>>> print(open('protein03.pdb').read())   # PDB, C-alpha atoms, pLDDT in the B column
MODEL        1
ATOM      1  CA  MET A   1      -7.438   9.534  16.941  1.00 57.00           C
ATOM      2  CA  SER A   2      -5.845  12.902  17.807  1.00 72.00           C
ATOM      3  CA  PHE A   3      -6.399  14.652  21.131  1.00 76.00           C
ATOM      4  CA  HIS A   4      -8.841  17.211  19.750  1.00 78.00           C
ATOM      5  CA  ASP A   5     -10.868  14.479  17.974  1.00 80.00           C
ATOM      6  CA  ALA A   6     -10.883  12.326  21.124  1.00 81.00           C
ATOM      7  CA  LEU A   7     -11.979  15.298  23.215  1.00 85.00           C
ATOM      8  CA  LYS A   8     -14.852  16.096  20.869  1.00 85.00           C
ATOM      9  CA  ALA A   9     -15.961  12.443  20.784  1.00 84.00           C
ATOM     10  CA  ALA A  10     -15.884  12.192  24.582  1.00 85.00           C
ATOM     11  CA  ARG A  11     -17.831  15.437  25.005  1.00 86.00           C
ATOM     12  CA  THR A  12     -20.470  14.343  22.498  1.00 85.00           C
ATOM     13  CA  ALA A  13     -20.762  10.941  24.177  1.00 82.00           C
ATOM     14  CA  ALA A  14     -21.261  12.689  27.538  1.00 82.00           C
ATOM     15  CA  GLY A  15     -24.071  14.810  26.065  1.00 84.00           C
ATOM     16  CA  LEU A  16     -22.389  18.158  26.740  1.00 86.00           C
ATOM     17  CA  THR A  17     -22.146  21.211  24.469  1.00 89.00           C
ATOM     18  CA  GLN A  18     -18.982  23.235  23.946  1.00 88.00           C
ATOM     19  CA  TYR A  19     -20.570  26.056  25.929  1.00 88.00           C
ATOM     20  CA  GLN A  20     -21.283  23.763  28.887  1.00 89.00           C
ATOM     21  CA  MET A  21     -17.735  22.401  28.826  1.00 89.00           C
ATOM     22  CA  ALA A  22     -16.316  25.903  28.705  1.00 88.00           C
ATOM     23  CA  GLN A  23     -18.429  26.922  31.717  1.00 89.00           C
ATOM     24  CA  GLN A  24     -17.325  23.904  33.745  1.00 89.00           C
ATOM     25  CA  LEU A  25     -13.666  24.603  32.919  1.00 88.00           C
ATOM     26  CA  GLY A  26     -13.962  28.318  33.682  1.00 88.00           C
ATOM     27  CA  LEU A  27     -13.212  29.320  30.091  1.00 87.00           C
ATOM     28  CA  ASP A  28     -14.943  31.237  27.338  1.00 86.00           C
ATOM     29  CA  LYS A  29     -16.324  29.201  24.457  1.00 84.00           C
ATOM     30  CA  THR A  30     -13.719  30.466  21.985  1.00 84.00           C
ATOM     31  CA  THR A  31     -10.866  29.238  24.166  1.00 85.00           C
ATOM     32  CA  TYR A  32     -12.464  25.825  24.622  1.00 87.00           C
ATOM     33  CA  ASN A  33     -13.185  25.577  20.901  1.00 86.00           C
ATOM     34  CA  GLY A  34      -9.453  25.908  20.372  1.00 84.00           C
ATOM     35  CA  TYR A  35      -8.949  22.607  22.213  1.00 86.00           C
ATOM     36  CA  GLU A  36     -11.323  20.753  19.877  1.00 85.00           C
ATOM     37  CA  SER A  37     -10.001  22.441  16.730  1.00 83.00           C
ATOM     38  CA  GLY A  38      -6.370  21.650  17.569  1.00 78.00           C
ATOM     39  CA  ARG A  39      -5.284  25.302  17.908  1.00 79.00           C
ATOM     40  CA  ARG A  40      -4.722  25.027  21.666  1.00 80.00           C
ATOM     41  CA  GLN A  41      -3.562  22.430  24.179  1.00 80.00           C
ATOM     42  CA  PRO A  42      -4.852  22.350  27.782  1.00 80.00           C
ATOM     43  CA  ASP A  43      -2.499  22.526  30.740  1.00 79.00           C
ATOM     44  CA  LEU A  44      -2.348  19.640  33.227  1.00 76.00           C
ATOM     45  CA  GLN A  45      -4.952  21.188  35.553  1.00 81.00           C
ATOM     46  CA  LYS A  46      -7.466  21.623  32.724  1.00 83.00           C
ATOM     47  CA  LEU A  47      -6.790  18.092  31.472  1.00 83.00           C
ATOM     48  CA  ARG A  48      -7.530  16.660  34.918  1.00 84.00           C
ATOM     49  CA  ARG A  49     -10.798  18.609  35.033  1.00 86.00           C
ATOM     50  CA  MET A  50     -11.769  17.325  31.562  1.00 87.00           C
ATOM     51  CA  VAL A  51     -11.193  13.734  32.675  1.00 85.00           C
ATOM     52  CA  GLN A  52     -13.471  14.280  35.680  1.00 85.00           C
ATOM     53  CA  LEU A  53     -16.226  15.927  33.638  1.00 86.00           C
ATOM     54  CA  LEU A  54     -16.225  13.375  30.824  1.00 85.00           C
ATOM     55  CA  GLN A  55     -15.640  10.309  33.017  1.00 83.00           C
ATOM     56  CA  VAL A  56     -12.838   9.018  30.813  1.00 79.00           C
ATOM     57  CA  SER A  57      -9.178   8.350  31.470  1.00 74.00           C
ATOM     58  CA  ALA A  58      -6.362  10.647  30.413  1.00 70.00           C
ATOM     59  CA  ASP A  59      -5.026   7.730  28.362  1.00 67.00           C
ATOM     60  CA  GLN A  60      -8.182   7.735  26.261  1.00 69.00           C
ATOM     61  CA  LEU A  61      -7.799  11.440  25.472  1.00 70.00           C
ATOM     62  CA  LEU A  62      -4.045  11.334  24.900  1.00 68.00           C
ATOM     63  CA  GLU A  63      -3.892   8.002  23.007  1.00 58.00           C
ATOM     64  CA  THR A  64      -1.529   6.390  25.526  1.00 48.00           C
ATOM     65  CA  GLY A  65      -3.898   3.591  26.507  1.00 46.00           C
ATOM     66  CA  ALA A  66      -3.442  -0.038  25.556  1.00 42.00           C
ATOM     67  CA  PRO A  67      -4.849  -1.220  22.211  1.00 40.00           C
ATOM     68  CA  GLY A  68      -8.491  -2.161  22.488  1.00 44.00           C
ATOM     69  CA  ALA A  69      -9.211   0.307  25.310  1.00 50.00           C
ATOM     70  CA  VAL A  70     -12.848   1.314  25.725  1.00 55.00           C
ATOM     71  CA  SER A  71     -13.703   4.405  23.681  1.00 62.00           C
ATOM     72  CA  PRO A  72     -15.796   7.339  24.983  1.00 66.00           C
ATOM     73  CA  GLN A  73     -18.662   6.260  22.712  1.00 69.00           C
ATOM     74  CA  GLU A  74     -18.568   2.752  24.177  1.00 72.00           C
ATOM     75  CA  LEU A  75     -18.571   4.149  27.702  1.00 71.00           C
ATOM     76  CA  ALA A  76     -21.611   6.271  26.845  1.00 76.00           C
ATOM     77  CA  LEU A  77     -23.479   3.186  25.618  1.00 79.00           C
ATOM     78  CA  LEU A  78     -22.515   1.308  28.775  1.00 78.00           C
ATOM     79  CA  ARG A  79     -23.909   4.108  30.956  1.00 80.00           C
ATOM     80  CA  LYS A  80     -27.202   3.985  29.047  1.00 84.00           C
ATOM     81  CA  TYR A  81     -27.354   0.185  29.304  1.00 83.00           C
ATOM     82  CA  ARG A  82     -26.965   0.338  33.099  1.00 83.00           C
ATOM     83  CA  LEU A  83     -30.050   2.571  33.318  1.00 86.00           C
ATOM     84  CA  LEU A  84     -32.279   0.090  31.475  1.00 85.00           C
ATOM     85  CA  ASP A  85     -34.720  -2.217  33.234  1.00 87.00           C
ATOM     86  CA  LEU A  86     -34.717  -5.971  32.648  1.00 86.00           C
ATOM     87  CA  HIS A  87     -36.964  -5.698  29.568  1.00 86.00           C
ATOM     88  CA  GLY A  88     -34.781  -3.004  28.033  1.00 85.00           C
ATOM     89  CA  ARG A  89     -31.608  -5.000  28.622  1.00 85.00           C
ATOM     90  CA  GLU A  90     -33.144  -8.096  27.024  1.00 84.00           C
ATOM     91  CA  LEU A  91     -34.068  -6.080  23.913  1.00 88.00           C
ATOM     92  CA  ALA A  92     -30.603  -4.492  23.723  1.00 86.00           C
ATOM     93  CA  GLU A  93     -28.916  -7.881  24.059  1.00 85.00           C
ATOM     94  CA  LEU A  94     -31.219  -9.394  21.430  1.00 86.00           C
ATOM     95  CA  ILE A  95     -30.246  -6.738  18.883  1.00 87.00           C
ATOM     96  CA  LEU A  96     -26.566  -6.983  19.844  1.00 82.00           C
ATOM     97  CA  ASN A  97     -26.561 -10.768  19.413  1.00 79.00           C
ATOM     98  CA  LYS A  98     -28.335 -10.511  16.042  1.00 78.00           C
ATOM     99  CA  GLU A  99     -25.818  -7.962  14.765  1.00 76.00           C
ATOM    100  CA  TYR A 100     -22.914 -10.004  16.137  1.00 69.00           C
ATOM    101  CA  GLU A 101     -24.237 -13.044  14.284  1.00 69.00           C
ATOM    102  CA  ARG A 102     -24.562 -11.002  11.067  1.00 67.00           C
ATOM    103  CA  MET A 103     -20.982  -9.737  11.297  1.00 60.00           C
ATOM    104  CA  THR A 104     -19.702 -13.203  12.175  1.00 56.00           C
ATOM    105  CA  ARG A 105     -21.364 -14.582   9.039  1.00 58.00           C
ATOM    106  CA  GLN A 106     -19.685 -11.870   6.963  1.00 53.00           C
ATOM    107  CA  GLU A 107     -16.310 -12.765   8.466  1.00 49.00           C
ATOM    108  CA  LEU A 108     -16.970 -16.434   7.726  1.00 53.00           C
ATOM    109  CA  THR A 109     -17.767 -15.594   4.098  1.00 53.00           C
ATOM    110  CA  LEU A 110     -14.520 -13.646   3.790  1.00 46.00           C
ATOM    111  CA  GLU A 111     -12.610 -16.533   5.343  1.00 50.00           C
ATOM    112  CA  ARG A 112     -14.160 -18.926   2.830  1.00 50.00           C
ATOM    113  CA  ASN A 113     -13.083 -16.648  -0.002  1.00 48.00           C
ATOM    114  CA  ARG A 114      -9.529 -16.451   1.322  1.00 45.00           C
ATOM    115  CA  SER A 115      -9.425 -20.230   1.672  1.00 50.00           C
ATOM    116  CA  GLY A 116     -10.221 -20.848  -1.980  1.00 53.00           C
ATOM    117  CA  HIS A 117     -13.940 -21.388  -1.269  1.00 65.00           C
ATOM    118  CA  ILE A 118     -13.236 -24.261   1.115  1.00 68.00           C
ATOM    119  CA  SER A 119     -15.261 -24.402   4.346  1.00 71.00           C
ATOM    120  CA  TYR A 120     -14.147 -26.278   7.436  1.00 74.00           C
ATOM    121  CA  ILE A 121     -17.049 -27.552   9.546  1.00 80.00           C
ATOM    122  CA  ASN A 122     -17.423 -30.025  12.415  1.00 77.00           C
ATOM    123  CA  CYS A 123     -19.373 -33.227  11.777  1.00 81.00           C
ATOM    124  CA  TYR A 124     -20.465 -35.298  14.781  1.00 74.00           C
ATOM    125  CA  ASP A 125     -19.370 -38.908  14.463  1.00 60.00           C
ATOM    126  CA  LEU A 126     -22.451 -40.246  16.267  1.00 58.00           C
ATOM    127  CA  ALA A 127     -25.417 -40.213  13.916  1.00 61.00           C
ATOM    128  CA  VAL A 128     -28.875 -38.857  14.696  1.00 64.00           C
ATOM    129  CA  SER A 129     -31.701 -41.292  14.246  1.00 55.00           C
ATOM    130  CA  ALA A 130     -34.247 -41.120  11.474  1.00 56.00           C
ATOM    131  CA  GLY A 131     -35.999 -43.974  13.195  1.00 51.00           C
ATOM    132  CA  THR A 132     -36.559 -45.099  16.770  1.00 48.00           C
ATOM    133  CA  GLY A 133     -33.812 -43.144  18.499  1.00 47.00           C
ATOM    134  CA  GLU A 134     -30.073 -43.366  18.925  1.00 47.00           C
ATOM    135  CA  PRO A 135     -27.898 -42.234  21.857  1.00 44.00           C
ATOM    136  CA  TRP A 136     -26.277 -38.925  20.942  1.00 51.00           C
ATOM    137  CA  VAL A 137     -24.600 -36.422  23.258  1.00 47.00           C
ATOM    138  CA  ASP A 138     -23.209 -32.955  22.610  1.00 47.00           C
ATOM    139  CA  ALA A 139     -19.754 -34.125  23.693  1.00 44.00           C
ATOM    140  CA  ALA A 140     -19.611 -36.784  20.954  1.00 51.00           C
ATOM    141  CA  TYR A 141     -16.456 -37.032  18.925  1.00 53.00           C
ATOM    142  CA  LYS A 142     -16.273 -34.737  15.923  1.00 65.00           C
ATOM    143  CA  THR A 143     -14.558 -34.884  12.564  1.00 75.00           C
ATOM    144  CA  ARG A 144     -13.555 -31.687  10.788  1.00 77.00           C
ATOM    145  CA  LEU A 145     -14.718 -31.788   7.185  1.00 80.00           C
ATOM    146  CA  GLU A 146     -13.411 -29.794   4.243  1.00 79.00           C
ATOM    147  CA  ILE A 147     -16.326 -28.897   1.971  1.00 81.00           C
ATOM    148  CA  PRO A 148     -16.535 -26.496  -1.011  1.00 80.00           C
ATOM    149  CA  GLY A 149     -17.874 -23.219   0.367  1.00 75.00           C
ATOM    150  CA  GLU A 150     -20.747 -22.944  -2.089  1.00 77.00           C
ATOM    151  CA  LEU A 151     -22.235 -26.199  -0.725  1.00 83.00           C
ATOM    152  CA  VAL A 152     -22.375 -25.006   2.908  1.00 83.00           C
ATOM    153  CA  PRO A 153     -25.448 -22.963   3.980  1.00 84.00           C
ATOM    154  CA  GLU A 154     -24.572 -19.537   5.335  1.00 80.00           C
ATOM    155  CA  ARG A 155     -25.912 -20.163   8.859  1.00 83.00           C
ATOM    156  CA  ALA A 156     -24.552 -23.706   9.303  1.00 86.00           C
ATOM    157  CA  HIS A 157     -22.666 -24.263  12.564  1.00 85.00           C
ATOM    158  CA  PHE A 158     -22.084 -28.028  12.359  1.00 84.00           C
ATOM    159  CA  CYS A 159     -23.289 -31.134  10.560  1.00 86.00           C
ATOM    160  CA  VAL A 160     -24.391 -34.652  11.536  1.00 87.00           C
ATOM    161  CA  ARG A 161     -24.965 -37.980   9.841  1.00 86.00           C
ATOM    162  CA  VAL A 162     -28.424 -39.507   9.427  1.00 88.00           C
ATOM    163  CA  ASN A 163     -29.133 -43.083  10.491  1.00 84.00           C
ATOM    164  CA  GLY A 164     -32.392 -44.686   9.377  1.00 85.00           C
ATOM    165  CA  ARG A 165     -35.227 -44.222   6.888  1.00 88.00           C
ATOM    166  CA  SER A 166     -37.966 -42.319   8.708  1.00 89.00           C
ATOM    167  CA  MET A 167     -37.104 -38.976   7.068  1.00 91.00           C
ATOM    168  CA  GLU A 168     -37.107 -40.282   3.507  1.00 90.00           C
ATOM    169  CA  PRO A 169     -37.321 -39.067   0.857  1.00 91.00           C
ATOM    170  CA  ALA A 170     -35.816 -35.730   2.060  1.00 92.00           C
ATOM    171  CA  TYR A 171     -33.079 -37.264   4.199  1.00 91.00           C
ATOM    172  CA  ARG A 172     -31.786 -40.779   3.637  1.00 90.00           C
ATOM    173  CA  ASP A 173     -29.648 -43.143   5.679  1.00 88.00           C
ATOM    174  CA  GLY A 174     -26.029 -41.951   5.572  1.00 87.00           C
ATOM    175  CA  ASP A 175     -26.793 -38.375   4.479  1.00 90.00           C
ATOM    176  CA  ILE A 176     -24.830 -35.526   6.070  1.00 90.00           C
ATOM    177  CA  VAL A 177     -27.105 -32.648   7.085  1.00 91.00           C
ATOM    178  CA  PHE A 178     -26.135 -29.065   7.953  1.00 90.00           C
ATOM    179  CA  VAL A 179     -27.448 -27.645  11.232  1.00 89.00           C
ATOM    180  CA  GLU A 180     -27.883 -24.128  12.585  1.00 88.00           C
ATOM    181  CA  ARG A 181     -27.390 -24.263  16.345  1.00 85.00           C
ATOM    182  CA  THR A 182     -30.506 -22.963  18.123  1.00 84.00           C
ATOM    183  CA  GLU A 183     -32.530 -23.870  21.202  1.00 82.00           C
ATOM    184  CA  ALA A 184     -35.902 -23.763  19.444  1.00 84.00           C
ATOM    185  CA  VAL A 185     -37.467 -24.321  16.023  1.00 90.00           C
ATOM    186  CA  HIS A 186     -40.975 -23.573  14.791  1.00 90.00           C
ATOM    187  CA  GLU A 187     -43.662 -26.174  14.254  1.00 90.00           C
ATOM    188  CA  GLY A 188     -43.265 -27.662  10.795  1.00 92.00           C
ATOM    189  CA  GLU A 189     -39.485 -27.185  10.734  1.00 93.00           C
ATOM    190  CA  THR A 190     -37.011 -30.058  10.745  1.00 94.00           C
ATOM    191  CA  GLY A 191     -34.529 -30.080  13.598  1.00 92.00           C
ATOM    192  CA  ILE A 192     -32.086 -32.105  15.645  1.00 90.00           C
ATOM    193  CA  PHE A 193     -33.604 -33.098  18.991  1.00 88.00           C
ATOM    194  CA  PHE A 194     -32.639 -34.912  22.189  1.00 85.00           C
ATOM    195  CA  LEU A 195     -35.445 -36.919  23.741  1.00 85.00           C
ATOM    196  CA  ASN A 196     -34.633 -38.782  26.960  1.00 82.00           C
ATOM    197  CA  GLY A 197     -31.023 -39.278  25.930  1.00 76.00           C
ATOM    198  CA  ASP A 198     -31.622 -40.277  22.303  1.00 81.00           C
ATOM    199  CA  GLY A 199     -30.877 -38.126  19.270  1.00 83.00           C
ATOM    200  CA  TYR A 200     -33.359 -37.617  16.435  1.00 88.00           C
ATOM    201  CA  ILE A 201     -33.712 -35.762  13.172  1.00 90.00           C
ATOM    202  CA  LYS A 202     -37.452 -35.072  12.938  1.00 92.00           C
ATOM    203  CA  ARG A 203     -40.036 -32.488  11.982  1.00 93.00           C
ATOM    204  CA  LEU A 204     -41.509 -30.681  14.988  1.00 93.00           C
ATOM    205  CA  GLY A 205     -45.262 -31.127  15.334  1.00 92.00           C
ATOM    206  CA  HIS A 206     -47.731 -29.988  17.987  1.00 91.00           C
ATOM    207  CA  GLY A 207     -46.557 -31.918  21.047  1.00 90.00           C
ATOM    208  CA  GLU A 208     -44.890 -34.603  18.935  1.00 93.00           C
ATOM    209  CA  LEU A 209     -42.008 -35.391  16.604  1.00 93.00           C
ATOM    210  CA  LEU A 210     -43.002 -36.322  13.065  1.00 94.00           C
ATOM    211  CA  SER A 211     -41.406 -38.462  10.378  1.00 92.00           C
ATOM    212  CA  LEU A 212     -41.637 -37.854   6.642  1.00 92.00           C
ATOM    213  CA  ASN A 213     -41.816 -41.547   5.821  1.00 92.00           C
ATOM    214  CA  PRO A 214     -45.456 -42.707   6.402  1.00 91.00           C
ATOM    215  CA  GLU A 215     -44.170 -46.076   7.645  1.00 90.00           C
ATOM    216  CA  TYR A 216     -43.086 -44.372  10.875  1.00 90.00           C
ATOM    217  CA  GLY A 217     -45.625 -42.965  13.319  1.00 91.00           C
ATOM    218  CA  PRO A 218     -45.279 -39.788  15.396  1.00 92.00           C
ATOM    219  CA  ILE A 219     -43.337 -39.739  18.666  1.00 92.00           C
ATOM    220  CA  PRO A 220     -45.411 -38.046  21.405  1.00 92.00           C
ATOM    221  CA  LEU A 221     -43.756 -35.592  23.796  1.00 90.00           C
ATOM    222  CA  ALA A 222     -44.797 -36.012  27.428  1.00 88.00           C
ATOM    223  CA  GLU A 223     -44.727 -33.305  30.091  1.00 83.00           C
ATOM    224  CA  PHE A 224     -41.774 -34.720  32.014  1.00 85.00           C
ATOM    225  CA  ASP A 225     -39.673 -35.844  29.059  1.00 84.00           C
ATOM    226  CA  ASP A 226     -36.103 -34.572  28.837  1.00 84.00           C
ATOM    227  CA  PHE A 227     -36.625 -32.816  25.521  1.00 86.00           C
ATOM    228  CA  ARG A 228     -34.135 -30.399  23.991  1.00 86.00           C
ATOM    229  CA  CYS A 229     -33.652 -28.854  20.575  1.00 88.00           C
ATOM    230  CA  GLN A 230     -30.085 -28.837  19.324  1.00 85.00           C
ATOM    231  CA  GLY A 231     -30.544 -27.032  16.039  1.00 88.00           C
ATOM    232  CA  ARG A 232     -32.458 -26.368  12.819  1.00 91.00           C
ATOM    233  CA  VAL A 233     -31.708 -28.514   9.766  1.00 93.00           C
ATOM    234  CA  LEU A 234     -30.738 -26.307   6.814  1.00 91.00           C
ATOM    235  CA  GLY A 235     -30.219 -28.949   4.166  1.00 90.00           C
ATOM    236  CA  LYS A 236     -27.889 -31.775   3.287  1.00 90.00           C
ATOM    237  CA  LEU A 237     -24.602 -32.326   1.522  1.00 87.00           C
ATOM    238  CA  PRO A 238     -25.322 -33.240  -2.123  1.00 83.00           C
TER     239      PRO A 238
ENDMDL
END
>>> encode(input="protein03.pdb", output="structure tokens")
Amino acid sequence: MSFHDALKAARTAAGLTQYQMAQQLGLDKTTYNGYESGRRQPDLQKLRRMVQLLQVSADQLLETGAPGAVSPQELALLRKYRLLDLHGRELAELILNKEYERMTRQELTLERNRSGHISYINCYDLAVSAGTGEPWVDAAYKTRLEIPGELVPERAHFCVRVNGRSMEPAYRDGDIVFVERTEAVHEGETGIFFLNGDGYIKRLGHGELLSLNPEYGPIPLAEFDDFRCQGRVLGKLP
């Protein structure tokens, strides 16, 4: 970005008009306009005053900063964020995280295309139980699988193996299921859960974990249970 483009961007981000900038610099508007159009260059004294008014560094205006330096637009957003209350910050972070996730998925899709439609995804070596429970910790050993990209759901973060019959016919013993990492799922959705140190693949009910196989009864969730959701099941490897 050239100096005059950087100056205009910084002024806009600061919410100032050309007339206001000219007044603060002791200039007429035509002279200041010359700085933003590229017809004029400010002397060192004027440049220092611009930096003070716009709350940016001289490096940002003159393009001498390190790569990845914060832009005037980013600084303007940061100033607005600092003025938000807790509720406003939570909303801003929610939107930012959603957009980050969307862009990350796009990058992953591009990477799959560059890799000849091959996806690389972690599969936990310790299975989750489709039965009465099996010890399973987040630090379990993982194997990196190579799977054709078209078989991997877009939001999948990792996969696990199923052990047991309680989720038949949807998920059978030995199946590999794809999981979207999340701390909560809705009632009626199938997820990966920790319950008092054991790992399960189950459907979430109202205060209980449910099996699909009628031979297996529900698992009630008590108030003081160590219960955690590890992710939402998106499907299985064919």
>>> atom_distance(input="protein03.pdb", atom1="CA of Leu16 (chain A)", atom2="CA of Gly88 (chain A)")
24.6 Å
>>> resolve_selection(input="protein03.pdb", expression="the PyMOL selection byres ((chain A and resi 165) around 9)", output="PyMOL selection string")
chain A and resi 129-131+162-164+166-169+171-173+213+216
>>> closest_residue(input="protein03.pdb", among="A:Thr30, A:Ala76, A:Arg89, A:Leu44", to="Ala14 (chain A)", atoms="all atoms listed in the file")
A:Ala76
>>> resolve_selection(input="protein03.pdb", expression="the PyMOL selection byres ((chain A and resi 146) around 6)", output="PDB file with C-alpha atoms, keeping the file's coordinate frame")
ATOM      1  CA  SER A 119     -15.261 -24.402   4.346  1.00 71.00           C
ATOM      2  CA  TYR A 120     -14.147 -26.278   7.436  1.00 74.00           C
ATOM      3  CA  LEU A 145     -14.718 -31.788   7.185  1.00 80.00           C
ATOM      4  CA  ILE A 147     -16.326 -28.897   1.971  1.00 81.00           C
TER       5      ILE A 147
END
>>> resolve_selection(input="protein03.pdb", expression="the PyMOL selection byres ((chain A and resi 190) around 8)", output="CSV table (one decimal) with C-alpha atoms, keeping the file's coordinate frame")
chain,number,residue,atom,x,y,z
A,185,VAL,CA,-37.5,-24.3,16.0
A,188,GLY,CA,-43.3,-27.7,10.8
A,189,GLU,CA,-39.5,-27.2,10.7
A,191,GLY,CA,-34.5,-30.1,13.6
A,192,ILE,CA,-32.1,-32.1,15.6
A,201,ILE,CA,-33.7,-35.8,13.2
A,202,LYS,CA,-37.5,-35.1,12.9
A,203,ARG,CA,-40.0,-32.5,12.0
A,204,LEU,CA,-41.5,-30.7,15.0
A,232,ARG,CA,-32.5,-26.4,12.8
A,233,VAL,CA,-31.7,-28.5,9.8
>>> residues_around(input="protein03.pdb", residues="Cys159 (chain A)", least_positions_apart="2", cutoff="7 Å", atoms="only C-alpha atoms", output="ChimeraX atom specification")
/A:122-124,176-179
>>> closest_residue(input="protein03.pdb", among="A:Thr182, A:Ser2, A:Thr143, A:Thr31", to="Gln18 (chain A)", atoms="all atoms listed in the file")
A:Thr31
>>> atom_distance(input="protein03.pdb", atom1="CA of Pro238 (chain A)", atom2="CA of Leu212 (chain A)")
19.1 Å
